[in-house]
Amino acid sequence: MKKELLLLALCGFAACSSSGSKDEGNGGNTGEKAETYQNPVIAYSLPDPSVIRGDDGYFYLYATEDIRNLPIHRSKDLVNWEMVGTAFTDQTRPDFEPDGGLWAPDINKVGDRYVLYYSMSVWGGEWTCGIGCATADRPSGPFSDQGMMLRSNEINVQNSIDPFYIEEGNRKYLFWGSFRGIYGIELSDDGLSLKEGSRPVQIAGTAYEGTYIHKKDGYYYLFASIGSCCEGLKSTYTTVVGRSKELFGPYVDKSGQPMLENHHEVLIHKNGSFVGTGHNSEILTDKAGNDWTFYHAVNVNDPSGRVLMLDRINWKDGWPAVATDSPSLKSEKPVF
């Protein structure tokens, strides 16, 4: 991290965007007119990405705070990124978990505000961790913390981290969980607290964390990660998926076996260049109608962090797929 933070300082929070040289943060991408890009799109550690398109036309990306106070980047094309700041400062960061880190953010537009859901935990603190939210008028912040929404020992769901927000039928829901079951619950009308009287419902088994639900053509697709996230070259993180006709399941694999019993389809696994491929972002659609997702991985040639990866999602027979089922090295850019 010292090397990565020094790079940020030298770039003046520019995060080495399209003008960067080949060994800088854009992972060696060529200029704006290039038709291809290379993975990683950012070569320093940005785990557990979440992304949204702001009202100003930029895409904004948020990540677990390997950069303290939760970094925010922006881009016009999903490939060339600049850092624009952090969601919090040392004075404004949440504090309901003393010495806790801010993990796995999930960014959304709820009404006329941007709402950032986050996990707060210390490593191994599976009964004291929890999920909170913060709001801002702009995706670049500043974000105002709205406090804790739920905590493991209060809601009786161990390891309550990795939030994901979704709206359905004029109702708002939060899904979360990490290797102790994936759960969902209804939220209040403003999305900032649990709905009074609501109770968690389990929708997937104990193999998963980092969930994201995507609705397409009458199905809900539950993306998740299995394996170990954070062991460098020994990381076994793998992105998987199941689908359901209903938001709360049952989610199943292609043969109909339930995710509640830890059955799924593999979407992205390791290859010779990248391992630990997991915790994918929201799916974004470019002007050509192609779908894209971010995730993190460990670069075999430089395993110092979990770098930012981008790959196209294709849909085959009602299921998502990535070419070769593993990270691309060089691909055609999204169309914007």
# chains A, B, ... in the order shown; residues from 1 in each chain; ligands from 1
>>> select_by_dssp(residues="segment 20-228 of chain A", states="strand (DSSP E or B)", output="VMD selection string")
chain A and resid 36 to 38 42 to 45 50 to 53 59 to 62 71 to 75 81 to 86 101 to 110 113 to 121 130 to 136 144 to 151 164 to 168 171 to 176 178 182 to 187 194 201 to 204 209 to 216 219 to 226
>>> select_by_dssp(residues="segment 2-250 of chain A", states="helix (DSSP H, G or I)", output="number ranges by chain")
A: 2-11, 152-155, 232-234
>>> atom_distance(atom1="atom CA of Met148 of chain A", atom2="atom CA of Tyr183 of chain A")
17.2 Å
>>> residues_around(residues="Ser225 of chain A", least_positions_apart="2", cutoff="9 Å", atoms="only C-alpha atoms", output="count of residues only")
18
>>> atom_distance(atom1="atom CA of Tyr44 of chain A", atom2="atom CA of Leu308 of chain A")
7.5 Å
>>> closest_atom_pairs(of="segment 184-298 of chain A", to="segment 104-111 of chain A", cutoff="10 Å", atoms="only C-alpha atoms", output="tab-separated table")
residue	atom	partner	partner_atom	distance
A:Asp189	CA	A:Val110	CA	9.7
A:Asp190	CA	A:Val110	CA	7.4
A:Gly191	CA	A:Val110	CA	7.2
A:Leu192	CA	A:Val110	CA	9.5
A:Gly210	CA	A:Ala104	CA	7.6
A:Tyr212	CA	A:Asp106	CA	9.5
A:His279	CA	A:Ala104	CA	8.6
A:Ser281	CA	A:Asp106	CA	8.6
A:Glu282	CA	A:Asp106	CA	9.0
>>> atom_distance(atom1="atom CA of Gly124 of chain A", atom2="atom CA of Ile213 of chain A")
26.2 Å
>>> residues_around(residues="Gly130 of chain A", least_positions_apart="4", cutoff="12 Å", atoms="only C-alpha atoms", output="PyMOL selection string")
chain A and resi 94-98+100-104+117-122+125-126+147-163+176-178
>>> residues_around(residues="Gly205 of chain A", least_positions_apart="2", cutoff="7 Å", atoms="only C-alpha atoms", output="list in words")
Gly181, Ile182, Ala207, Tyr208, Met259, Leu260, Glu261 and Asn262 of chain A
>>> closest_residue(among="A:His263, A:Lys234, A:Arg171, A:Lys316", to="Asn299 of chain A", atoms="only C-alpha atoms")
A:Lys234
>>> closest_atom_pairs(of="segment 48-104 of chain A", to="segment 328-336 of chain A", cutoff="9 Å", atoms="only C-alpha atoms", output="JSON lines")
{"residue": "A:Lys76", "atom": "CA", "partner": "A:Phe336", "partner_atom": "CA", "distance": 7.8}
{"residue": "A:Asp77", "atom": "CA", "partner": "A:Phe336", "partner_atom": "CA", "distance": 6.0}
{"residue": "A:Leu78", "atom": "CA", "partner": "A:Pro334", "partner_atom": "CA", "distance": 7.2}
{"residue": "A:Val79", "atom": "CA", "partner": "A:Lys333", "partner_atom": "CA", "distance": 7.5}
>>> residues_around(residues="Asp291 of chain A", least_positions_apart="2", cutoff="8 Å", atoms="only C-alpha atoms", output="PyMOL selection string")
chain A and resi 283-286+289+293+312-314
>>> residues_around(residues="segment 69-74 of chain A", least_positions_apart="3", cutoff="10 Å", atoms="only C-alpha atoms", output="JSON, numbers by chain")
{"A": [13, 14, 15, 17, 46, 50, 51, 52, 53, 54, 57, 58, 59, 60, 61, 62, 63, 64, 65, 66, 77, 78, 79, 80, 81, 82, 83, 84, 85, 86, 87, 88, 89, 90, 91, 92, 93, 94, 101, 102, 103, 104, 105, 118, 139, 140, 141]}
